[in-house]
Each structure stands twice: as C-alpha cells, then as structure tokens.
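Before any comments, here is the structure.
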Amino acid sequence: MAKTLVIVESPAKAKTIEKFLGKSHYTVKASVGHIRDLPKSKLGVDIENNFEPQYINIRGKGDVIKELKKEAKKSKKVYLATDPDREGEAISWHLAHILSLDESEDCRIEFNEITKDAIKKAIKSPRNIDISLVDAQQARRVLDRLLGYQISPILWQKVRKGLSAGRVQSVTTKLICDREKEIKAFIPKEYWTIELEAKTNSDEEISLKFYGKGSEKIEIENEETVNKILKDIENKSLDVVSIESKSRRKSAPKPFTTSMLQQEAANKLSFTTKKTMSVAQELYEGIDIDKETVGLISYIRTDSKRISEEAKEKAKGYILDEIGENYYKNANEKKEKKETKKVQDAHEAIRPTYVDKTPDSIKSYLTRDQYKLYNLIWRRFVASQMEDSIFDILNLECKIGEYTFKATGSKMKFDGYTKIYNFTDREDRILPAISEGDILDVKDILPNQHFTQPPARFTEASLVKTLEELGIGRPSTYAPTIATILNREYVEKQGTSLCPTELGIIVTEILENNFQKFIDVDFTAQMENKLDEIEEGSIEWKQVVSEAYEPLKEAIEIAKESIEKINMDEETDEICENCGENMVIKYGRFGKFMACKNYPECKTTKPLVNKIGVKCPKCHDGDIILRKSKRGKAFYGCSNYPECDFVAWNKPTGDTCKHCGSYMIEKVTKSDTKIICSDKECHKHHGKDDELEAKDESVKENIEN
C-alpha cells in the first residue's frame with residue numbers, strides 16, 4: 001500500500017515525527033536543510049534579467065535528492081513539513097520544485113511544537129505554499145548576495161583575502177566599533193555622595209543618603225560643595241519629616257521570544273547565543289524519555305509573546321494543583337498588548353510543550369546544558385501565568401538644617417511569580433521603627449568621591465538587545481551573525497565583552513567611507529520592514545531589490561577606484577633566522593602568523609606567539625603565552641610545552657601570594673577584575689571568593705577534548 005511521504009529538515013525531527021505518525025502509513029524523510037541555493041562560485045543573480053536568482057542543487061545533496069525523488073514517486077501524497085518561518089517556507093518551495101509538486105495544491109503542513117497531537121492536527125490541515133513568505137526569503141537572500149559578493153572582493157584587493165561584508169554583519173561590527181569610539185572619547189565627570197549613619201531613639205542604626213536642598217534634588221559635582229554641606233550640617237540632628245508607606249507590584253515577565261531567550265541565557269547561564277540556539281534546537285526536536293521521543297519546547301524562532309489558550313489552561317491547572325490558588329493570575333486580568341508586527345508570528349512564544357514535565361522530573365534524561373536551558377524556559381513560562389510579586393515600600397525623608405536625606409526600605413509581602421522564576425538573592429531591607437517628628441543623632445558622615453564611567457562594551461546579551469531595539473536582522477540571525485564577526489576576527493572577546501580588533505576597525509572605516517548607506521542602522525532597519533511588507537504581500541520583492549541595488553552599483557564603481565590598498569603587516573623586533581630581516585605579523589586563512597619581511601625572496605614563517613610578559617610559575621624558564629583550546633576558548637600556557645605542562649584559565653600576573661607562595665592571577669568578572677591567589681584553599685582562607693575557575697586539570701581536559 002502506498003504511503004504518505006512527509007519531508008522535514010532534520011533527521012532528528014524525522015525520527016521523532018515518524019514515531020508519532022506510524023511507519024505503516026507514513027514515511028518521514030529529512031532534506032537536511034536547503035537542497036537548492038545560489039552557487040558559491042559566482043554571484044548567482046542575473047542582474048540584467050530583473051535579478052532572477054540562478055538556483056542550483058547544493059553540492060553534496062545528490063544522494064538526498066535522489067532518495068526524496070524515489071520516495072515521492074511511490075507515495076500517494078507528499079507533505080512538506082519544514083519550519084514555520086520564511087526560511088522553512090523557502091525550503092518547502094525548493095523541495096516542491098525538485099519533486100515536481102504543484103505549489104497551488106495543499107502540500108504544506110506546519111506545526112509549532114513536535115508533539116503527537118500537534119503533528120496529527122497539522123496532517124489534517126494542509127495548505128498550499130505561501131509564496132509571499134518565499135518571496136521575502138528570496139529578497140533577503142538576493143540582497144545579501146548582491147552586497148556581500150560585490151563588496152567583499154574589494155576588501156580582498158585593498159586589505160587582504162578572506163574578508164567579507166554583509167548587510168547585517170557589517171552593521172553589527174559598526175555598532176561595536178562605535179561603542180569603542182565612545183569609550184575612548186569619554187571624559188569622566190566628578191560627582192560626590194554623602195551618607196549619614198544615624199541612631200534612632202531605640203538605639204538602632206540607620207543609613208541615609210543625601211538628596212538635596214528642601215524638595216529640590218541636587219547633584220554634588222565637586223569637593224567645594226561637599227565641604228560647604230558638611231560645614232552646614234556639622235553638629236546638627238536629623239529631623240524625621242515624612243514617612244510614606246506604600247505597596248509596589250512587580251509583574252511577571254512575558255514568556256520568551258528568541259531574542260529574550262538569548263539574552264537571559266547569556267545573563268543567567270553564561271551561554272553564548274550560538275550555544276543557546278543549538279541546545280534549544282535539541283529540546284525542540286525531541287529528547288528520548290522512557291523510550292519515547294518528546295519535543296520538550298515549542299518552535300524556537302519567534303518574535304511573538306502570544307500563548308495559545310490550550311497552553312494557558314495547562315499552566316493554570318499546574319499552578320492551581322502544585323503551587324497554590326493564590327498564585328494564579330486570572331486570565332481576565334492579564335490584558336495582553338495587541339501585537340502589531342507580523343514578524344515570525346505564525347506561532348507562539350517559546351514554551352514547554354508539556355508543563356507537567358517539570359525540569360527536575362526529567363533531569364536524568366537531559367544533558368547538563370539541556371537541563372539548564374529547559375529549566376529557564378519552563379520556569380519563565382509558568383511564571384508568566386502567575387500573580388505579581390508585592391513589596392511593602394517605606395520611604396523615609398529627614399532634614400538636617402536646609403538639607404534633605406532619604407532612606408528606603410522594602411519587604412516582600414507576597415512572592416508571587418518569583419516563587420518559580422527568581423534568579424537573584426534579593427534580601428529585604430528593613431528600616432528600624434521610626435515615627436514622624438523623631439530626632440535622630442548623627443553618628444558618622446561619609447562623603448565619597450566618584451567619577452562617571454564610560455559606556456560598557458557590548459556583551460552578547462546587550463548586543464542582541466540593541467540589535468532587536470534597532471530593528472536590525474531577526475532574532476534567528478543574531479547567533480550566526482555574532483559567530484561570523486568573531487570568526488572573521490573583526491571582533492574578539494575579552495572576558496564576556498565584545499571588542500573590535502584593528503582589522504574590524506579598518507574594515508568598518510572602509511565601509512563607512514565608501515558604502516555609508518549600506519551599513520547605516522536606519523537603512524538596515526528599513527530593509528527589514530520592507531521584507532515584512534513582502535511577506536504580507538503588499539510589495540513585489542524584485543522591486544525592493546532593484547531600489548536597493550541602484551545606489552549600491554554606483555558606490556561599487558567609485559570604491560574600486562578610490563580605495564587605496566592598506567598594508568596590514570605589523571613589523572616586530574623578532575629577526576628572521578634565515579636572512580636577518582625583521583619578521584612581520586601577517587593575516588592568513590587561519591588567523592595571524594609571522595613571516596619574513598623579505599618575502600617572497602625569503603619564505604620563512606612561524607606561528608605567532610602571544611607572550612604576556614610573565615615567566616612560567618612552574619618551570620620558571622618558559623614564557624606564559626595566550627593560547628586557544630580546540631573549542632576556541634582562551635587559556636594561558638607555557639612556551640616550553642610539552643616539556644612543561646603548565647596551563648591556567650586565568651591570566652597569571654607574575655607575582656606570588658604573600659600567604660602561601662602560589663602564583664597570583666587576574667580573575668575577570670562581569671563587574672570588575674580582581675587579583676587573587678590561584679590556590680583555592682588559600683583564597684578561601686583569606687576571605688576571598690569561594691571558587692576559582694583556575695583549575696589546571698580542567699583546563700587540560702578541555703584542551704584534549
């Protein structure tokens with residue numbers, strides 16, 4: 001009996017879905033992503049023929065295509081079940097072309113989660129291919145190809161081979177470069193704070209901060225002003241003039257969109273965007289639990305915060321049964337804002353498919369990273385359907401002479417959603433019992449000088465947030481975009497911060513000077529809006545491409561003539577052992593290396609060793625050098641390796657601990673950099689952090705893996 005063929009993108013998804021549908025009536029195969037695309041070896045867009053794309057079968061996909069054709073030929077029906085977004089729609093469109101399917105027939109099915117009910121429901125509701133979605137993807141693909149394939153060769157000629165420009169990646173690099181300019185141009189501004197330590201009538205201590213004069217808030221800008229205030233309040237008591245008590249509600253967060261998931265996973269779990277999306281894909285496609293494959297979360301590429309009524313009811317049942325009736329927020333009270341943009345909103349927010357599968361109940365079936373991310377998603381979703389947390393706030397206002405000092409206390413009255421979703425160690429700040437009219441004795445006055453800080457460098461989380469706010473790219477593209485600019489060495493990581501490299505700054509300056517419009521934030525955001533309009537069917541995709549290409553064509557012709565060749569070679573003090581000339585730092589396909597200045601007459605090359613100016617604390621002979629593990633993580637090792645096997649995650653300083661004699665290291669945290677002892681026990685004994693990341697054995701294990 002002829003079966004029905006269902007084609008999905010990934011083999012893992014195919015395996016899961018075939019179990020749900022049953023092998024007796026359905027065959028499920030995977031296309032393994034795209035099967036047709038623009039050729040890599042040439043532009044692949046016929047500009048003279050109204051930007052017609054010249055698609056070819058992707059090299060290496062011959063066997064997959066042959067198998068799909070064979071299965072389609074003997075099947076009574078073919079359903080295309082690729083992802084429910086532009087890219088997925090385009091893959092289905094290409095599959096329909098390869099398999100000679102009629103696009104106008106109901107051959108397309110989609111689902112937001114890989115569960116038995118969702119798959120069977122989708123099979124009963126096929127539709128035809130949405131050509132507007134396909135056209136939006138084609139417009140993006142062709143625009144990216146026109147820009148990348150015509151600007152990149154200019155960078156190869158003028159700077160070095162292997163460079164690239166891109167509609168989104170170049171704007172992203174520019175944002176990081178612009179932030180670095182702001183940091184370098186920043187001029188610190190002095191300001192002061194004054195804190196009073198006082199005692200109440202019941203002999204309890206209280207701390208108050210300077211507010212201003214009377215009801216007017218004052219910023220203290222210099223020491224002269226501080227000294228005047230100190231003189232005016234000297235030997236005076238504090239009068240309690242106002243006590244205000246009120247409640248403050250904090251609403252539960254919305255369930256995750258793609259960008260918010262990436263941000264929270266970076267902030268809460270220290271995941272990169274790439275890692276977050278990879279682990280989320282595993283949870284979406286299915287995990288084997290008790291001999292059954294279960295898709296644990298809904299589709300992971302979405303801008304929507306919407307939740308289906310069915311999912312809300314399941315969350316309600318869980319909250320009422322497992323947490324408590326007073327923790328459930330009545331759905332009628334939750335007034336959802338209407339979503340006006342139709343971006344990737346054919347589905348819901350990211351949520352667990354089975355709310356009763358709590359993270360701890362299935363922990364044994366998950367990897368460590370899968371558990372961490374599923375726990376975050378599950379808790380966020382359940383919390384989104386829970387009551388607000390409520391705080392009692394006490395605002396205290398005191399006067400000393402003509403100056404006002406204030407204190408604020410807070411106490412949690414009802415934990416609400418934070419019972420489930422709480423990743424902070426918040427503590428109540430209880431003010432002592434005080435009444436209006438009380439007079440407090442001032443025990444200490446603490447003036448402190450401060451300086452304003454420059455804007456922080458982007459982290460992956462803050463960059464994703466900025467890209468979304470500016471409308472650049474789509475959340476599904478953030479992870480590959482960040483990976484690209486890191487791989488191209490336009491940007492490097494220092495701790496969690498993203499910093500532009502010299503190469504990134506040079507390339508960005510070239511693009512700014514010659515292709516200003518195309519790496520402009522507004523232009524990029526407007527182009528995303530145009531893609532949305534194509535998806536909605538209100539504008540023709542080739543018209544959008546044509547309007548964007550005309551100024552690009554003119555800019556390219558001018559740039560070819562006007563950009564001067566840039567020599568990126570950096571001369572060093574190291575001498576070539578063969579000819580005596582200085583060695584220079586060059587850029588190659590695999591990063592920086594050292595070569596003789598006398599090339600091509602002398603072809604001497606050697607790896608670039610990044611010394612940090614510190615001798616090895618183990619052998620005391622070799623130099624400590626910055627290296628990278630096979631997974632790309634930076635670490636510090638001895639130049640005498642393998643004779644000396646010293647390795648450490650944290651940067652050795654060259655100093656030794658005065659308590660135990662171990663080497664000292666720099667430990668970089670989100671807030672600052674500390675100089676601490678590398679010996680964990682010594683560090684704990686002297687009241688420092690409880691844990692150190694500098695565990696040499698774990699470093700060796702990471703390198704070997």
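We label chains A, B, ... in the order they appear in the structure tokens, count residues from 1 in each chain, and number ligands from 1 in the order shown.
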Within 6 Å of range 270-276 of chain A using only C-alpha atoms, minus same-chain residues under 5 positions, as a ChimeraX atom specification: /A:262,265,479
Keeping only N, CA, C and O atoms, write the selected residues to a file as a compact mmCIF listing (two decimals), in the first residue's frame.
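Written file, part-v1.txt:
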# COMPACT_ATOMS: atom_id res chain seq x y z
N GLN A 262 17.88 34.37 24.24
CA GLN A 262 19.32 34.53 24.06
C GLN A 262 19.92 35.44 25.13
O GLN A 262 20.99 35.17 25.67
N ALA A 265 19.68 33.63 28.68
CA ALA A 265 20.62 32.51 28.76
C ALA A 265 22.05 33.01 28.90
O ALA A 265 22.88 32.39 29.57
N ALA A 479 22.60 34.83 16.39
CA ALA A 479 23.67 33.89 16.74
C ALA A 479 24.67 33.71 15.59
O ALA A 479 25.88 33.84 15.81
DSSP strand (DSSP E) selection over range 407-642 of chain A, as a PyMOL selection string: chain A and resi 407-414+439-451+491-494+497-500+570-575+582-588+591-596+605-607+610-615+623-628+634-638
Tell me, as an mmCIF file with C-alpha atoms, in the first residue's frame, which residues lie within 12 Å of Ile109 in chain A, counting only C-alpha atoms; anything in the same chain fewer than 3 positions away does not count.
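As a result, out31.cif now contains:
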data_model
loop_
_atom_site.group_PDB
_atom_site.id
_atom_site.type_symbol
_atom_site.label_atom_id
_atom_site.label_comp_id
_atom_site.auth_asym_id
_atom_site.auth_seq_id
_atom_site.Cartn_x
_atom_site.Cartn_y
_atom_site.Cartn_z
ATOM 1 C CA LEU A 5 5.687 10.975 2.421
ATOM 2 C CA VAL A 6 6.418 13.711 4.962
ATOM 3 C CA ILE A 7 9.593 15.760 4.453
ATOM 4 C CA VAL A 8 11.165 17.695 7.309
ATOM 5 C CA VAL A 78 3.733 14.325 -0.261
ATOM 6 C CA TYR A 79 3.606 16.759 2.660
ATOM 7 C CA LEU A 80 6.315 19.379 3.181
ATOM 8 C CA ALA A 81 6.750 19.929 6.923
ATOM 9 C CA THR A 82 9.674 22.352 7.173
ATOM 10 C CA ASP A 83 9.943 25.047 9.861
ATOM 11 C CA PRO A 84 7.090 27.587 10.147
ATOM 12 C CA ASP A 85 9.020 30.681 9.031
ATOM 13 C CA GLY A 88 11.265 26.934 6.181
ATOM 14 C CA GLU A 89 8.749 28.098 3.568
ATOM 15 C CA SER A 92 9.448 23.705 1.007
ATOM 16 C CA GLU A 105 -2.046 22.149 -4.084
ATOM 17 C CA ASP A 106 -2.302 21.551 -0.329
ATOM 18 C CA ASN A 112 4.636 24.962 16.357
ATOM 19 C CA ALA A 118 0.286 18.853 17.038
ATOM 20 C CA ILE A 119 1.619 16.618 14.250
ATOM 21 C CA LYS A 120 -1.692 14.783 13.710
ATOM 22 C CA LYS A 121 -3.570 18.090 13.730
ATOM 23 C CA ALA A 122 -1.181 19.500 11.115
ATOM 24 C CA ILE A 123 -1.646 16.470 8.851
ATOM 25 C CA LYS A 124 -5.393 17.155 8.838
ATOM 26 C CA SER A 125 -4.928 20.816 7.852
ATOM 27 C CA PRO A 126 -2.548 21.062 4.878
ATOM 28 C CA ARG A 127 -2.291 24.300 2.903
ATOM 29 C CA ASN A 128 -0.574 25.490 -0.238
ATOM 30 C CA ILE A 129 2.879 27.105 -0.190
ATOM 31 C CA ASP A 130 2.778 30.750 0.923
#
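Checking A:Ala559, A:Ala2, A:Cys579, A:Leu147 one by one against Ser24 in chain A, counting only C-alpha atoms, you find the shortest gap at A:Ala2.
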Atom pair CA of Asp135 in chain A / CA of Gly148 in chain A: separation (Å):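 Computed distance, CA of Asp135 in chain A to CA of Gly148 in chain A, equals 19.5 Å.
CA of Leu470 in chain A sits 21.4 Å away from CA of Pro454 in chain A.
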Who sits within 9 Å of range 233-250 of chain A, only C-alpha atoms, same chain under 4 positions skipped, as a PyMOL selection string: chain A and resi 198+228-229+388-403+405+413+416+434-442
Can you spit out the residues from that selection as a short mmCIF file (atom, residue, chain, number, x, y, z; two decimals), in the first residue's frame, using N, CA and C atoms?
data_model
loop_
_atom_site.label_atom_id
_atom_site.label_comp_id
_atom_site.auth_asym_id
_atom_site.auth_seq_id
_atom_site.Cartn_x
_atom_site.Cartn_y
_atom_site.Cartn_z
N ALA A 198 23.11 57.18 61.34
CA ALA A 198 22.42 57.78 62.49
C ALA A 198 21.86 56.70 63.39
N LYS A 228 31.02 72.59 51.94
CA LYS A 228 30.01 73.56 52.39
C LYS A 228 28.86 72.83 53.08
N ILE A 229 28.40 71.70 52.47
CA ILE A 229 27.30 70.92 53.06
C ILE A 229 27.72 70.36 54.42
N ASP A 388 1.46 38.78 40.38
CA ASP A 388 2.55 39.72 40.61
C ASP A 388 3.18 39.45 41.98
N SER A 389 4.44 39.83 42.10
CA SER A 389 5.03 39.86 43.44
C SER A 389 4.70 41.24 44.03
N ILE A 390 4.53 41.30 45.35
CA ILE A 390 4.12 42.55 46.01
C ILE A 390 5.13 42.89 47.10
N PHE A 391 5.54 44.15 47.11
CA PHE A 391 6.50 44.63 48.10
C PHE A 391 5.89 45.76 48.91
N ASP A 392 6.18 45.77 50.20
CA ASP A 392 5.87 46.93 51.04
C ASP A 392 7.08 47.85 51.02
N ILE A 393 6.85 49.08 50.59
CA ILE A 393 7.93 50.06 50.48
C ILE A 393 7.74 51.14 51.54
N LEU A 394 8.82 51.48 52.22
CA LEU A 394 8.79 52.54 53.22
C LEU A 394 9.81 53.60 52.82
N ASN A 395 9.33 54.81 52.50
CA ASN A 395 10.19 55.92 52.13
C ASN A 395 10.32 56.88 53.30
N LEU A 396 11.55 57.12 53.70
CA LEU A 396 11.81 57.98 54.86
C LEU A 396 12.53 59.25 54.41
N GLU A 397 12.01 60.40 54.82
CA GLU A 397 12.64 61.68 54.48
C GLU A 397 12.99 62.42 55.77
N CYS A 398 14.24 62.83 55.86
CA CYS A 398 14.73 63.56 57.04
C CYS A 398 15.40 64.85 56.60
N LYS A 399 15.44 65.83 57.53
CA LYS A 399 16.09 67.10 57.24
C LYS A 399 17.11 67.40 58.32
N ILE A 400 18.21 67.95 57.88
CA ILE A 400 19.24 68.43 58.79
C ILE A 400 19.61 69.83 58.30
N GLY A 401 19.12 70.80 59.01
CA GLY A 401 19.21 72.17 58.51
C GLY A 401 18.31 72.32 57.31
N GLU A 402 18.88 72.84 56.22
CA GLU A 402 18.08 73.01 55.00
C GLU A 402 18.25 71.85 54.01
N TYR A 403 19.01 70.84 54.41
CA TYR A 403 19.31 69.73 53.50
C TYR A 403 18.43 68.51 53.79
N PHE A 405 17.83 64.32 53.47
CA PHE A 405 18.43 62.99 53.33
C PHE A 405 17.30 61.97 53.32
N LYS A 413 6.00 41.27 50.47
CA LYS A 413 4.73 40.94 51.11
C LYS A 413 4.17 39.63 50.56
N GLY A 416 4.61 35.84 44.84
CA GLY A 416 4.02 35.74 43.50
C GLY A 416 4.85 34.88 42.57
N ILE A 434 10.42 53.94 63.27
CA ILE A 434 10.62 55.39 63.33
C ILE A 434 9.27 56.06 63.17
N SER A 435 9.10 57.22 63.77
CA SER A 435 7.86 57.99 63.64
C SER A 435 8.19 59.40 63.19
N GLU A 436 7.23 60.01 62.50
CA GLU A 436 7.41 61.41 62.11
C GLU A 436 7.60 62.26 63.37
N GLY A 437 8.53 63.21 63.29
CA GLY A 437 8.82 64.07 64.44
C GLY A 437 9.97 63.59 65.27
N ASP A 438 10.41 62.32 65.06
CA ASP A 438 11.57 61.83 65.80
C ASP A 438 12.81 62.63 65.44
N ILE A 439 13.73 62.72 66.37
CA ILE A 439 15.01 63.38 66.15
C ILE A 439 16.10 62.32 66.28
N LEU A 440 16.92 62.20 65.23
CA LEU A 440 17.96 61.17 65.19
C LEU A 440 19.34 61.79 65.40
N ASP A 441 20.17 61.09 66.14
CA ASP A 441 21.55 61.53 66.36
C ASP A 441 22.43 61.05 65.22
N VAL A 442 23.18 61.98 64.63
CA VAL A 442 24.12 61.64 63.56
C VAL A 442 25.40 61.10 64.18
#
Members of range 335-544 of chain A assigned helix (DSSP H, G or I) by DSSP, as a PyMOL selection string: chain A and resi 360-365+368-384+416-419+460-470+475-487+502-514+516-519+521-535+541-544
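You will find CA of Ser164 in chain A at 12.1 Å from CA of Thr481 in chain A.
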Closest of A:Ala252, A:Ile287, A:Leu431, A:Ile65 to Asp415 in chain A - atom-to-atom distances counting only C-alpha atoms: A:Ala252
Surrounding residues of Phe381 in chain A excluding itself and chain neighbours under 6 positions, 12 Å, only C-alpha atoms, as a ChimeraX atom specification: /A:252-257,261,297-298,305-307,311-312,314-316,318-319,348-355,358,374-375,417,420-421
Would you mind exporting the chosen residues as a short mmCIF file (atom, residue, chain, number, x, y, z; two decimals), in the first residue's frame, restricted to N, CA and C atoms?
data_model
loop_
_atom_site.label_atom_id
_atom_site.label_comp_id
_atom_site.auth_asym_id
_atom_site.auth_seq_id
_atom_site.Cartn_x
_atom_site.Cartn_y
_atom_site.Cartn_z
N ALA A 252 4.82 39.72 36.40
CA ALA A 252 5.57 38.57 35.90
C ALA A 252 6.08 38.86 34.49
N PRO A 253 7.25 38.33 34.15
CA PRO A 253 7.78 38.54 32.79
C PRO A 253 6.97 37.76 31.77
N LYS A 254 6.99 38.23 30.53
CA LYS A 254 6.34 37.50 29.44
C LYS A 254 7.16 36.25 29.12
N PRO A 255 6.54 35.23 28.51
CA PRO A 255 7.32 34.07 28.07
C PRO A 255 8.33 34.49 27.01
N PHE A 256 9.29 33.63 26.76
CA PHE A 256 10.43 34.00 25.92
C PHE A 256 10.09 34.17 24.44
N THR A 257 10.63 35.24 23.86
CA THR A 257 10.84 35.32 22.42
C THR A 257 12.27 34.83 22.18
N LEU A 261 15.27 34.97 25.03
CA LEU A 261 15.88 33.71 25.45
C LEU A 261 17.40 33.81 25.35
N ILE A 297 9.98 21.65 23.91
CA ILE A 297 9.61 23.07 23.82
C ILE A 297 9.04 23.38 22.44
N SER A 298 8.32 24.48 22.36
CA SER A 298 7.73 24.90 21.09
C SER A 298 8.80 25.52 20.19
N LYS A 305 4.93 36.98 21.63
CA LYS A 305 4.77 36.70 23.06
C LYS A 305 3.43 36.02 23.33
N ARG A 306 2.74 35.67 22.26
CA ARG A 306 1.41 35.08 22.37
C ARG A 306 1.48 33.65 22.87
N ILE A 307 0.51 33.26 23.66
CA ILE A 307 0.39 31.89 24.17
C ILE A 307 -1.01 31.38 23.84
N ALA A 311 -2.46 26.14 25.99
CA ALA A 311 -1.26 26.18 26.83
C ALA A 311 -1.52 26.92 28.13
N LYS A 312 -2.32 27.99 28.06
CA LYS A 312 -2.66 28.74 29.26
C LYS A 312 -3.45 27.88 30.25
N LYS A 314 -3.33 24.62 30.55
CA LYS A 314 -2.42 23.64 31.16
C LYS A 314 -1.59 24.28 32.26
N ALA A 315 -1.14 25.52 32.02
CA ALA A 315 -0.37 26.23 33.04
C ALA A 315 -1.24 26.53 34.25
N LYS A 316 -2.49 26.91 33.99
CA LYS A 316 -3.43 27.19 35.08
C LYS A 316 -3.61 25.95 35.97
N TYR A 318 -1.60 23.44 36.37
CA TYR A 318 -0.38 23.15 37.14
C TYR A 318 -0.26 24.10 38.33
N ILE A 319 -0.49 25.38 38.10
CA ILE A 319 -0.34 26.38 39.18
C ILE A 319 -1.34 26.10 40.30
N GLU A 348 3.77 30.69 18.51
CA GLU A 348 3.68 31.29 19.84
C GLU A 348 5.05 31.70 20.37
N ALA A 349 5.03 32.18 21.62
CA ALA A 349 6.27 32.38 22.34
C ALA A 349 6.89 31.01 22.63
N ILE A 350 8.14 31.01 23.05
CA ILE A 350 8.81 29.74 23.38
C ILE A 350 8.29 29.26 24.74
N ARG A 351 7.81 28.03 24.76
CA ARG A 351 7.22 27.49 25.99
C ARG A 351 7.41 25.99 26.04
N PRO A 352 7.26 25.38 27.22
CA PRO A 352 7.30 23.91 27.29
C PRO A 352 6.06 23.32 26.64
N THR A 353 6.21 22.19 25.98
CA THR A 353 5.06 21.55 25.34
C THR A 353 4.21 20.80 26.36
N TYR A 354 4.85 20.33 27.41
CA TYR A 354 4.14 19.62 28.48
C TYR A 354 4.54 20.26 29.80
N VAL A 355 3.67 21.08 30.34
CA VAL A 355 4.02 21.80 31.57
C VAL A 355 4.19 20.85 32.75
N THR A 358 8.14 18.70 34.55
CA THR A 358 8.97 19.70 35.24
C THR A 358 10.45 19.40 34.99
N TYR A 374 16.24 24.21 29.61
CA TYR A 374 14.84 23.81 29.77
C TYR A 374 14.27 24.37 31.08
N ASN A 375 15.06 24.34 32.12
CA ASN A 375 14.66 24.88 33.42
C ASN A 375 14.32 26.37 33.30
N TYR A 417 5.07 35.39 41.35
CA TYR A 417 5.76 34.62 40.32
C TYR A 417 7.21 34.30 40.69
N ILE A 420 8.63 30.83 41.46
CA ILE A 420 9.08 29.94 40.38
C ILE A 420 10.27 30.53 39.63
N TYR A 421 10.22 31.82 39.33
CA TYR A 421 11.23 32.45 38.47
C TYR A 421 11.98 33.51 39.27
#
Residue nearest Glu110 in chain A among A:Gly613, A:Glu313, A:Lys73, A:Tyr299 (counting only C-alpha atoms): A:Tyr299
Selected residue of minimal separation from Thr173 in chain A among A:Arg474, A:Lys658, A:Lys611, A:Arg488, counting only C-alpha atoms: A:Arg488
